[in-house]
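Chemist: Compact mmCIF, C-alpha atoms, saved as input-v3.txt, coming up:
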```
# COMPACT_ATOMS: atom_id res chain seq x y z
CA MET A 1 -6.57 7.41 34.07
CA ARG A 2 -4.79 9.60 36.64
CA ASP A 3 -3.57 6.44 38.39
CA VAL A 4 -2.36 5.01 35.12
CA GLY A 5 -0.46 8.22 34.45
CA SER A 6 1.22 8.36 37.85
CA ARG A 7 2.06 4.65 37.77
CA LEU A 8 3.58 5.02 34.29
CA ARG A 9 5.53 8.06 35.47
CA GLN A 10 7.05 5.98 38.29
CA LEU A 11 8.23 3.38 35.80
CA ALA A 12 9.42 5.84 33.13
CA VAL A 13 13.09 6.40 32.41
CA ARG A 14 14.50 9.91 31.98
CA THR A 15 16.42 10.68 28.81
CA LEU A 16 17.16 13.60 26.49
CA ASP A 17 15.52 13.98 23.09
CA GLY A 18 17.32 15.06 19.89
CA ARG A 19 17.14 18.74 20.92
CA GLY A 20 18.52 18.12 24.40
CA GLU A 21 15.13 18.35 26.13
CA GLU A 22 13.99 15.94 28.81
CA LEU A 23 11.91 13.01 27.64
CA LEU A 24 10.27 10.30 29.77
CA LEU A 25 10.41 6.86 28.17
CA VAL A 26 8.16 3.98 29.20
CA PRO A 27 9.91 0.61 28.84
CA VAL A 28 8.18 -2.20 26.92
CA ALA A 29 7.77 -4.32 30.08
CA ALA A 30 6.25 -1.38 32.00
CA ILE A 31 3.37 -1.08 29.53
CA GLU A 32 2.59 -4.76 30.05
CA GLU A 33 2.89 -4.45 33.84
CA VAL A 34 0.56 -1.43 34.08
CA ALA A 35 -1.95 -2.99 31.70
CA ARG A 36 -2.13 -6.02 33.98
CA GLU A 37 -2.39 -3.92 37.15
CA VAL A 38 -5.22 -1.68 35.96
CA GLY A 39 -7.03 -4.11 33.68
CA LEU A 40 -6.67 -2.10 30.48
CA SER A 41 -5.40 -3.29 27.13
CA ARG A 42 -1.79 -2.49 26.21
CA CYS A 43 -3.07 -0.24 23.45
CA GLU A 44 -5.17 1.74 25.98
CA VAL A 45 -2.19 2.06 28.33
CA GLU A 46 0.02 3.30 25.49
CA ILE A 47 -2.58 5.90 24.52
CA ALA A 48 -2.85 7.02 28.17
CA ALA A 49 0.93 7.30 28.36
CA LEU A 50 1.13 9.41 25.20
CA GLN A 51 -1.64 11.70 26.47
CA GLU A 52 0.52 12.32 29.57
CA ARG A 53 3.52 12.97 27.30
CA LEU A 54 5.16 9.76 28.46
CA LEU A 55 6.63 8.02 25.46
CA PRO A 56 6.42 4.23 25.09
CA VAL A 57 10.04 3.53 24.15
CA ARG A 58 8.94 1.27 21.31
CA TYR A 59 7.60 4.35 19.48
CA SER A 60 10.52 6.64 20.29
CA ARG A 61 11.84 6.54 16.72
CA ASN A 62 8.36 7.27 15.35
CA LEU A 63 8.04 10.49 17.36
CA GLY A 64 10.02 12.83 15.11
CA THR A 65 8.04 11.64 12.09
CA VAL A 66 4.45 11.42 13.34
CA GLY A 67 4.51 13.43 16.61
CA TRP A 68 2.59 12.74 19.86
CA GLU A 69 -0.86 13.28 18.36
CA GLY A 70 0.10 11.25 15.27
CA GLN A 71 1.13 8.29 17.43
CA ILE A 72 -2.12 8.52 19.40
CA ALA A 73 -4.06 8.64 16.10
CA LEU A 74 -2.26 5.51 14.86
CA LEU A 75 -3.07 3.61 18.06
CA GLN A 76 -6.72 4.67 17.85
CA SER A 77 -7.02 3.57 14.20
CA THR A 78 -8.25 0.48 12.41
CA VAL A 79 -6.77 -0.54 9.07
CA GLY A 80 -8.22 -3.25 6.83
CA ILE A 81 -5.63 -5.20 4.82
CA VAL A 82 -7.13 -7.29 2.05
CA GLY A 83 -4.63 -9.85 0.82
CA VAL A 84 -1.85 -11.05 3.14
CA GLY A 85 0.61 -12.33 0.52
CA GLY A 86 3.67 -10.61 -0.97
CA LEU A 87 2.48 -7.04 -0.37
CA GLY A 88 0.13 -7.66 2.56
CA GLY A 89 2.68 -9.47 4.74
CA TRP A 90 5.14 -6.57 4.74
CA ILE A 91 2.28 -4.11 5.19
CA VAL A 92 1.06 -5.95 8.31
CA GLU A 93 4.63 -5.99 9.63
CA GLY A 94 5.14 -2.26 9.02
CA LEU A 95 1.79 -1.10 10.38
CA ALA A 96 2.19 -3.25 13.52
CA ARG A 97 5.63 -1.73 14.14
CA MET A 98 4.26 1.79 13.61
CA GLY A 99 1.59 1.03 16.22
CA VAL A 100 -1.69 0.98 14.33
CA GLY A 101 -4.10 -0.17 17.05
CA ARG A 102 -6.25 -2.60 15.13
CA LEU A 103 -5.69 -4.58 11.93
CA ILE A 104 -8.47 -6.38 10.06
CA LEU A 105 -6.86 -9.05 7.86
CA VAL A 106 -8.68 -10.78 5.03
CA ASP A 107 -7.12 -13.64 3.04
CA GLY A 108 -8.42 -17.10 2.18
CA ASP A 109 -5.06 -18.66 1.25
CA VAL A 110 -2.65 -20.96 3.04
CA PHE A 111 1.14 -20.77 2.56
CA GLN A 112 2.64 -22.76 -0.29
CA GLY A 113 6.20 -23.46 -1.37
CA ASP A 114 6.16 -20.81 -4.11
CA ASN A 115 5.45 -18.11 -1.48
CA LEU A 116 8.85 -18.64 0.19
CA ASN A 117 10.74 -16.32 -2.18
CA ARG A 118 8.93 -13.16 -1.09
CA GLN A 119 6.16 -13.46 1.50
CA ALA A 120 7.18 -11.98 4.84
CA PHE A 121 5.56 -14.53 7.13
CA CYS A 122 6.09 -17.68 5.02
CA THR A 123 8.65 -20.11 6.41
CA GLU A 124 9.53 -23.75 5.83
CA TYR A 125 7.71 -24.50 9.09
CA ASN A 126 4.30 -23.03 8.29
CA LEU A 127 3.54 -24.31 4.79
CA GLY A 128 -0.17 -25.17 4.75
CA GLN A 129 -1.02 -22.65 7.50
CA PRO A 130 -3.56 -19.89 6.75
CA LYS A 131 -1.68 -16.67 5.95
CA VAL A 132 -3.85 -14.60 8.29
CA GLU A 133 -3.02 -16.98 11.16
CA ALA A 134 0.74 -16.65 10.58
CA ALA A 135 0.25 -12.87 10.40
CA ARG A 136 -1.59 -12.86 13.72
CA GLN A 137 1.23 -14.82 15.39
CA ARG A 138 3.86 -12.48 13.97
CA VAL A 139 2.02 -9.34 15.14
CA ALA A 140 1.72 -10.84 18.64
CA GLN A 141 5.54 -11.18 18.69
CA VAL A 142 6.26 -7.75 17.21
CA ASN A 143 3.67 -5.54 18.92
CA SER A 144 1.23 -7.09 21.36
CA ALA A 145 -0.64 -3.79 21.70
CA VAL A 146 -2.02 -4.33 18.20
CA ARG A 147 -5.32 -6.20 17.98
CA VAL A 148 -5.71 -8.46 14.97
CA LEU A 149 -9.06 -9.51 13.55
CA ALA A 150 -8.25 -12.31 11.12
CA HIS A 151 -10.72 -13.48 8.46
CA HIS A 152 -9.60 -16.64 6.68
CA VAL A 153 -12.01 -16.27 3.76
CA ARG A 154 -11.84 -15.60 0.04
CA VAL A 155 -12.98 -12.05 -0.53
CA ASP A 156 -16.38 -11.50 -2.03
CA ALA A 157 -18.09 -8.16 -2.50
CA THR A 158 -20.85 -8.43 0.14
CA GLN A 159 -18.61 -9.95 2.80
CA MET A 160 -16.03 -7.23 2.21
CA LEU A 161 -18.47 -4.51 3.24
CA ALA A 162 -19.33 -6.29 6.49
CA MET A 163 -15.73 -7.13 7.41
CA LEU A 164 -14.28 -3.71 6.61
CA ARG A 165 -17.01 -1.52 8.06
CA GLU A 166 -14.87 -0.35 10.97
CA ALA A 167 -11.74 0.41 8.94
CA ASP A 168 -10.43 3.98 8.81
CA VAL A 169 -8.25 3.09 5.82
CA ILE A 170 -8.29 -0.02 3.61
CA VAL A 171 -5.24 -1.47 1.86
CA ASP A 172 -5.52 -3.27 -1.48
CA ALA A 173 -2.87 -5.99 -1.40
CA LEU A 174 -4.81 -8.42 -3.60
CA ASP A 175 -3.46 -10.31 -6.60
CA ALA A 176 -6.28 -10.27 -9.16
CA LEU A 177 -7.83 -7.37 -11.04
CA PRO A 178 -11.55 -8.21 -10.72
CA THR A 179 -11.35 -8.45 -6.90
CA ARG A 180 -9.27 -5.26 -6.77
CA LEU A 181 -12.04 -3.42 -8.67
CA ALA A 182 -14.69 -4.88 -6.35
CA LEU A 183 -12.64 -3.76 -3.34
CA GLN A 184 -12.42 -0.20 -4.65
CA ARG A 185 -16.19 -0.13 -5.08
CA ALA A 186 -16.63 -1.44 -1.52
CA ALA A 187 -14.21 1.16 -0.10
CA GLN A 188 -16.10 3.89 -1.94
CA GLU A 189 -19.40 2.62 -0.61
CA LEU A 190 -17.93 2.79 2.90
CA SER A 191 -16.43 6.26 2.14
CA VAL A 192 -13.00 5.05 3.26
CA PRO A 193 -9.67 5.79 1.53
CA LEU A 194 -8.08 2.82 -0.21
CA VAL A 195 -4.33 2.41 -0.71
CA HIS A 196 -3.73 0.39 -3.87
CA GLY A 197 -0.48 -1.36 -4.65
CA ALA A 198 0.36 -3.87 -7.39
CA ILE A 199 3.54 -5.54 -8.61
CA ALA A 200 5.00 -7.53 -11.50
CA GLY A 201 8.63 -8.39 -12.02
CA PHE A 202 10.74 -5.25 -11.55
CA VAL A 203 7.65 -3.05 -11.82
CA GLY A 204 5.13 -1.79 -9.29
CA GLN A 205 2.51 0.89 -8.79
CA VAL A 206 0.97 2.72 -5.83
CA LEU A 207 -2.16 4.85 -5.78
CA THR A 208 -4.20 6.23 -2.90
CA ILE A 209 -7.87 6.27 -3.88
CA LEU A 210 -10.03 8.73 -1.96
CA PRO A 211 -13.79 8.02 -2.04
CA GLU A 212 -14.43 10.52 -4.84
CA ASP A 213 -11.41 9.53 -6.99
CA PRO A 214 -11.72 7.50 -10.23
CA GLY A 215 -8.93 5.20 -8.98
CA ILE A 216 -8.21 1.88 -10.64
CA VAL A 217 -11.82 1.53 -11.76
CA GLY A 218 -10.97 4.57 -13.90
CA LEU A 219 -7.86 2.76 -15.17
CA TYR A 220 -9.31 -0.65 -15.94
CA GLY A 221 -12.98 -0.54 -15.15
CA ASP A 222 -14.66 0.26 -18.46
CA ARG A 223 -13.57 -2.86 -20.31
CA PRO A 224 -13.38 -6.57 -19.51
CA VAL A 225 -10.35 -7.13 -17.30
CA PRO A 226 -8.11 -10.15 -17.30
CA GLU A 227 -7.74 -11.98 -14.00
CA GLN A 228 -4.05 -11.16 -13.92
CA GLY A 229 -1.74 -8.48 -15.30
CA VAL A 230 1.74 -9.06 -16.66
CA GLU A 231 2.98 -10.61 -13.40
CA ALA A 232 1.99 -14.03 -14.77
CA GLN A 233 4.97 -13.75 -17.17
CA TRP A 234 7.32 -11.48 -15.22
CA GLY A 235 7.18 -13.26 -11.90
CA ASN A 236 7.20 -11.78 -8.40
CA PRO A 237 10.72 -11.53 -6.99
CA ALA A 238 11.60 -10.75 -3.34
CA ALA A 239 12.33 -7.02 -3.52
CA THR A 240 9.44 -5.61 -5.57
CA PRO A 241 6.71 -6.38 -2.99
CA MET A 242 8.91 -4.90 -0.24
CA MET A 243 9.32 -1.66 -2.19
CA ILE A 244 5.65 -1.22 -3.04
CA ALA A 245 4.48 -2.39 0.41
CA ALA A 246 6.77 0.24 1.97
CA TRP A 247 5.07 2.98 -0.06
CA GLN A 248 1.65 1.63 0.93
CA ILE A 249 2.61 1.66 4.63
CA GLN A 250 3.73 5.27 4.31
CA GLU A 251 0.50 6.25 2.56
CA VAL A 252 -1.55 4.69 5.38
CA VAL A 253 0.52 6.49 8.03
CA LYS A 254 0.06 9.80 6.18
CA LEU A 255 -3.70 9.32 5.90
CA LEU A 256 -4.10 8.37 9.57
CA THR A 257 -1.89 11.15 10.95
CA GLY A 258 -2.92 13.86 8.47
CA ARG A 259 0.69 14.40 7.45
CA GLY A 260 2.04 14.98 3.96
CA GLU A 261 0.24 14.68 0.65
CA PRO A 262 -1.25 11.31 -0.29
CA LEU A 263 -0.70 9.89 -3.79
CA SER A 264 -4.31 10.67 -4.64
CA ARG A 265 -4.97 10.95 -8.40
CA ARG A 266 -1.20 10.60 -8.82
CA MET A 267 -0.14 7.03 -9.48
CA LEU A 268 3.47 6.27 -8.68
CA PHE A 269 4.73 3.85 -11.31
CA MET A 270 8.11 2.33 -10.50
CA ASP A 271 10.41 0.49 -12.88
CA SER A 272 13.26 -0.75 -10.73
CA GLU A 273 14.92 -2.43 -13.73
CA THR A 274 15.87 0.94 -15.24
CA GLY A 275 15.61 2.98 -12.02
CA VAL A 276 12.81 5.22 -13.26
CA ILE A 277 9.80 6.41 -11.27
CA ASP A 278 6.95 8.16 -13.06
CA ILE A 279 3.98 9.94 -11.55
CA LEU A 280 0.90 9.44 -13.75
CA GLN A 281 -2.07 11.76 -13.29
CA VAL A 282 -5.09 9.46 -13.01
CA MET B 1 0.98 17.00 -35.94
CA GLN B 2 3.30 16.54 -32.97
CA ILE B 3 2.44 14.30 -30.04
CA SER B 4 4.61 12.91 -27.26
CA VAL B 5 4.70 9.29 -26.18
CA LYS B 6 6.06 7.85 -22.98
CA LEU B 7 6.70 4.11 -22.84
CA LEU B 8 6.92 2.70 -19.34
CA ALA B 9 8.67 -0.36 -17.97
CA THR B 10 8.96 -3.26 -20.42
CA LEU B 11 7.25 -1.32 -23.21
CA ARG B 12 10.49 0.70 -23.44
CA ARG B 13 12.05 -2.15 -25.38
CA TYR B 14 10.11 -1.06 -28.49
CA ARG B 15 12.00 2.26 -28.51
CA PRO B 16 15.34 1.50 -26.81
CA GLU B 17 16.73 4.85 -28.04
CA MET B 18 14.14 6.73 -25.94
CA PRO B 19 16.03 8.41 -23.07
CA ARG B 20 15.17 6.97 -19.64
CA GLY B 21 12.22 8.73 -18.04
CA LYS B 22 11.71 11.00 -21.05
CA ALA B 23 8.96 11.17 -23.65
CA LEU B 24 9.42 10.54 -27.34
CA SER B 25 8.30 13.17 -29.85
CA LEU B 26 6.34 11.74 -32.78
CA ASP B 27 5.10 13.41 -35.95
CA VAL B 28 1.83 11.73 -37.00
CA PRO B 29 -0.93 12.63 -39.50
CA ALA B 30 -4.06 14.36 -38.17
CA GLY B 31 -6.72 11.82 -37.20
CA THR B 32 -4.24 9.21 -35.93
CA THR B 33 -5.62 6.95 -33.20
CA VAL B 34 -3.80 5.55 -30.16
CA ASP B 35 -4.04 2.11 -31.73
CA GLU B 36 -2.22 3.33 -34.84
CA VAL B 37 0.56 4.84 -32.74
CA VAL B 38 0.89 1.56 -30.82
CA ARG B 39 1.23 -0.30 -34.12
CA GLN B 40 3.66 2.29 -35.50
CA LEU B 41 5.84 1.74 -32.44
CA GLY B 42 5.97 -1.96 -33.34
CA ILE B 43 4.13 -3.15 -30.25
CA PRO B 44 2.37 -6.44 -31.15
CA ASP B 45 -1.42 -6.67 -30.67
CA ASN B 46 -1.11 -9.33 -27.98
CA VAL B 47 0.99 -7.16 -25.65
CA PRO B 48 -1.28 -6.00 -22.79
CA LEU B 49 -1.14 -2.28 -22.13
CA VAL B 50 -3.00 0.63 -20.59
CA ALA B 51 -3.08 3.91 -22.54
CA MET B 52 -3.38 7.35 -20.98
CA VAL B 53 -3.71 10.66 -22.78
CA ASN B 54 -2.78 13.79 -20.82
CA SER B 55 -4.46 13.09 -17.45
CA GLY B 56 -6.90 10.36 -18.33
CA VAL B 57 -7.13 6.77 -19.39
CA CYS B 58 -8.25 6.44 -23.00
CA LYS B 59 -9.46 3.72 -25.29
CA LEU B 60 -7.28 2.51 -28.12
CA ASP B 61 -9.59 4.09 -30.74
CA TYR B 62 -9.12 7.56 -29.20
CA VAL B 63 -8.27 10.09 -31.95
CA LEU B 64 -5.19 12.06 -30.95
CA VAL B 65 -4.90 15.83 -31.32
CA GLU B 66 -1.87 18.10 -31.64
CA GLY B 67 0.16 18.27 -28.42
CA ASP B 68 -1.39 15.18 -26.79
CA LYS B 69 0.80 13.45 -24.23
CA LEU B 70 0.37 9.70 -24.57
CA ALA B 71 1.64 7.25 -21.95
CA LEU B 72 1.60 3.48 -22.43
CA PHE B 73 2.21 1.13 -19.54
CA PRO B 74 1.64 -2.52 -18.71
CA PRO B 75 -1.31 -3.54 -16.49
CA VAL B 76 0.14 -4.73 -13.19
CA ALA B 77 -1.94 -6.73 -10.71
CA GLY B 78 0.32 -9.00 -8.63
CA GLY B 79 0.31 -8.80 -4.87
```
Kindly return the structure encoded in the file as structure tokens.
Modeler:
Amino acid sequence: MRDVGSRLRQLAVRTLDGRGEELLLVPVAAIEEVAREVGLSRCEVEIAALQERLLPVRYSRNLGTVGWEGQIALLQSTVGIVGVGGLGGWIVEGLARMGVGRLILVDGDVFQGDNLNRQAFCTEYNLGQPKVEAARQRVAQVNSAVRVLAHHVRVDATQMLAMLREADVIVDALDALPTRLALQRAAQELSVPLVHGAIAGFVGQVLTILPEDPGIVGLYGDRPVPEQGVEAQWGNPAATPMMIAAWQIQEVVKLLTGRGEPLSRRMLFMDSETGVIDILQV
Amino acid sequence: MQISVKLLATLRRYRPEMPRGKALSLDVPAGTTVDEVVRQLGIPDNVPLVAMVNSGVCKLDYVLVEGDKLALFPPVAGG
């Protein structure tokens, strides 16, 4: 690793940080070059750089928010994202840009025309393509240090446990209540925090469910649940998934870096039609 | 007895005079259930909703007590 450090130092560019102190930035191309030279993954090279207090320039605007150790923690983490539609697409985008080292994606759908109004990776050119495949291609363009494990399967309870076993945090970006409840039970069995988000029309909700929390099983679990909530009537416009996905990304970053206070047992309920946000104790 | 009710999102339309983000104070007879309050607010039976009292989810036949804080909100599951 000493060689990696000295090689990175040669390629680093001197600059001043916000407080006027010297900072050594590693250009994007230098990470790739060193990874090739020493036979390590880009993620490993970035971690080595951060440990030497050399900052990969791509994370320079993360630094003030998550710090050196926070960025290392993100790169060393694995996040499972279940559902790569309206919420999941933006969540993949955000977590890849933040530099989460490994993303496990689970979604059995392919893109359809009615996804074009809101789903981050859906274009006129990839209709019919599996969503997880489009997500993998996008991540490769945005942050090639991030490893993507894509599962193009419909989620079922037993498979979920096997696929998500290595996740440090799981994200619920599904679109049906029964599978959301099954996912919470799986996350609890794995003792992994789950970041729940759901949307309908102008409305959305976010809740971080720690293994011992009642979570959405506490909300809906003791009675028969309909497949869908009110979104069947209210639609899913472009902005609502972006807003709720953004909160989910932030919750994941907080959990992985140990910063802030997660929305555990406090459900954020947003009504963007009237501009009101409530926090419900759950 | 006095209870407070908060209607969230589209359920607000049943009490448009309720100030945004604020709870409504209701005077109801002792023994009133959540279901009866829902009906009193004019919310039709077929409107899906989740009811919470104070810090917990409750069933619609929950019998309210003085000072209870009731919140009603739509179940949301899109993704």
Chemist: Quick check: residues of chain A within 6 Å of chain B, all atoms listed in the file, returned as a ChimeraX atom specification.
Modeler: /A:86-87,173-177,198-200,219,228-231,271,276,281-282
Chemist: Could you tell me, as a compact mmCIF listing (two decimals) with C-alpha atoms, in the frame of the given file, which residues have any atom at most 9 Å from (3.3, 20.1, -31.2), counting all atoms listed in the file?
Modeler:
```
# COMPACT_ATOMS: atom_id res chain seq x y z
CA MET B 1 0.98 17.00 -35.94
CA GLN B 2 3.30 16.54 -32.97
CA ILE B 3 2.44 14.30 -30.04
CA SER B 4 4.61 12.91 -27.26
CA SER B 25 8.30 13.17 -29.85
CA ASP B 27 5.10 13.41 -35.95
CA GLU B 66 -1.87 18.10 -31.64
CA GLY B 67 0.16 18.27 -28.42
CA ASP B 68 -1.39 15.18 -26.79
```
Chemist: Just the residues within 7 Å of Phe269 of chain A, please, counting only C-alpha atoms, with nothing from its chain fewer than 5 positions along; format it as a VMD selection string.
Modeler: chain A and resid 204 to 206 277 to 279
Chemist: Output the selection as a PDB file, keeping the file's coordinate frame - C-alpha atoms for each residue.
Modeler:
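Resulting contents of result_2.pdb:
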```
ATOM      1  CA  GLY A 204       5.130  -1.790  -9.290  1.00  0.00           C
ATOM      2  CA  GLN A 205       2.510   0.890  -8.790  1.00  0.00           C
ATOM      3  CA  VAL A 206       0.970   2.720  -5.830  1.00  0.00           C
ATOM      4  CA  ILE A 277       9.800   6.410 -11.270  1.00  0.00           C
ATOM      5  CA  ASP A 278       6.950   8.160 -13.060  1.00  0.00           C
ATOM      6  CA  ILE A 279       3.980   9.940 -11.550  1.00  0.00           C
TER       7      ILE A 279
END
```
Chemist: Taking 6 positions as the minimum chain separation for residues in the same chain, which residues sit within 7 Å of Leu64 of chain B when counting all atoms listed in the file? Answer as a list in words.
Modeler: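 Within the cut-off, the hits are Gly31, Thr32, Thr33 and Val34 of chain B.
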Chemist: From the set A:Gly218, A:Pro130, A:Gly235, A:Gly197, which residue has the shortest atom-to-atom contact distance to Leu268 of chain A, counting all atoms listed in the file?
Modeler: A:Gly197
Chemist: Please write out, as AutoDock Vina command-line options, where the centre of an axis-aligned box around all listed atoms of segment 85-102 of chain A lies and how long its edges are, in Å to one decimal, after adding 3 Å on each side.
Modeler:
```
--center_x -0.3 --center_y -5.3 --center_z 8.0 --size_x 17.9 --size_y 20.1 --size_z 24.0
```
Chemist: Would you work out the distance separating atom CA of Gly88 of chain A from atom CA of Pro241 of chain A, expressed in Å to one decimal?
Modeler: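 These atoms are spaced 8.7 Å apart.
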Chemist: List every protein, DNA or RNA residue that has an atom no more than 6 Å from (11.5, 2.5, 30.9) in the file's coordinate frame, counting only C-alpha atoms, and report them as a PyMOL selection string.
Modeler: chain A and resi 11-13+25-27
Chemist: Which distance in Å separates atom CA of Leu50 of chain A and atom CA of Thr65 of chain A, to one decimal?
Modeler: 15.0 Å
Chemist: Could you name the residues that touch Leu190 of chain A at 10 Å or less, counting all atoms listed in the file, but leaving out those on the same chain fewer than 5 positions away, as a ChimeraX atom specification?
Modeler: /A:161-162,164-168,184-185,211
Chemist: Hey, can you spit out that residue selection with C-alpha atoms as a tab-separated table (two decimals), in the coordinates of the input?
Modeler:
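Result went into part_13.tsv, see below:
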```tsv
chain	number	residue	atom	x	y	z
A	161	LEU	CA	-18.47	-4.51	3.24
A	162	ALA	CA	-19.33	-6.29	6.49
A	164	LEU	CA	-14.28	-3.71	6.61
A	165	ARG	CA	-17.01	-1.52	8.06
A	166	GLU	CA	-14.87	-0.35	10.97
A	167	ALA	CA	-11.74	0.41	8.94
A	168	ASP	CA	-10.43	3.98	8.81
A	184	GLN	CA	-12.42	-0.20	-4.65
A	185	ARG	CA	-16.19	-0.13	-5.08
A	211	PRO	CA	-13.79	8.02	-2.04
```
Chemist: Any idea what the distance is between atom CA of Asp172 of chain A and atom CA of Arg102 of chain A?
Modeler: 16.6 Å
Chemist: When you look at Gly42 of chain B with a cut-off of 12 Å (counting only C-alpha atoms), what residues show up, excluding the ones that are within fewer than 5 positions of it in the same chain? I need them as a ChimeraX atom specification.
Modeler: /B:11-16,35-37,47
Chemist: How would segment 55-69 of chain B look written as a CSV table (one decimal), in the first residue's frame with N, CA and C atoms?
Modeler:
```csv
chain,number,residue,atom,x,y,z
B,55,SER,N,-48.8,7.9,20.0
B,55,SER,CA,-47.6,7.5,19.2
B,55,SER,C,-47.8,6.1,18.5
B,56,GLY,N,-49.0,5.6,18.5
B,56,GLY,CA,-49.1,4.3,17.9
B,56,GLY,C,-50.3,4.2,16.9
B,57,VAL,N,-50.1,3.2,16.0
B,57,VAL,CA,-51.2,2.9,15.1
B,57,VAL,C,-52.3,2.3,15.9
B,58,CYS,N,-53.6,2.6,15.5
B,58,CYS,CA,-54.7,2.0,16.3
B,58,CYS,C,-55.7,1.4,15.3
B,59,LYS,N,-56.6,0.6,15.7
B,59,LYS,CA,-57.6,0.1,14.9
B,59,LYS,C,-58.8,1.1,15.0
B,60,LEU,N,-59.7,0.9,14.0
B,60,LEU,CA,-60.8,1.9,13.9
B,60,LEU,C,-61.8,1.7,15.0
B,61,ASP,N,-61.8,0.6,15.7
B,61,ASP,CA,-62.7,0.4,16.9
B,61,ASP,C,-62.1,0.9,18.2
B,62,TYR,N,-60.9,1.5,18.1
B,62,TYR,CA,-60.3,2.0,19.4
B,62,TYR,C,-61.2,3.0,20.0
B,63,VAL,N,-61.3,2.9,21.3
B,63,VAL,CA,-62.2,3.9,22.1
B,63,VAL,C,-61.3,5.0,22.6
B,64,LEU,N,-61.6,6.2,22.2
B,64,LEU,CA,-60.8,7.3,22.5
B,64,LEU,C,-60.9,7.8,23.9
B,65,VAL,N,-59.9,8.4,24.5
B,65,VAL,CA,-60.0,9.0,25.8
B,65,VAL,C,-59.6,10.4,25.8
B,66,GLU,N,-60.1,11.2,26.8
B,66,GLU,CA,-59.8,12.6,26.9
B,66,GLU,C,-58.3,12.9,26.5
B,67,GLY,N,-58.1,13.9,25.7
B,67,GLY,CA,-56.7,14.3,25.4
B,67,GLY,C,-56.0,13.6,24.3
B,68,ASP,N,-56.7,12.5,23.8
B,68,ASP,CA,-56.0,11.7,22.7
B,68,ASP,C,-55.7,12.6,21.5
B,69,LYS,N,-54.6,12.3,20.9
B,69,LYS,CA,-54.2,13.0,19.6
B,69,LYS,C,-54.3,12.0,18.5
```
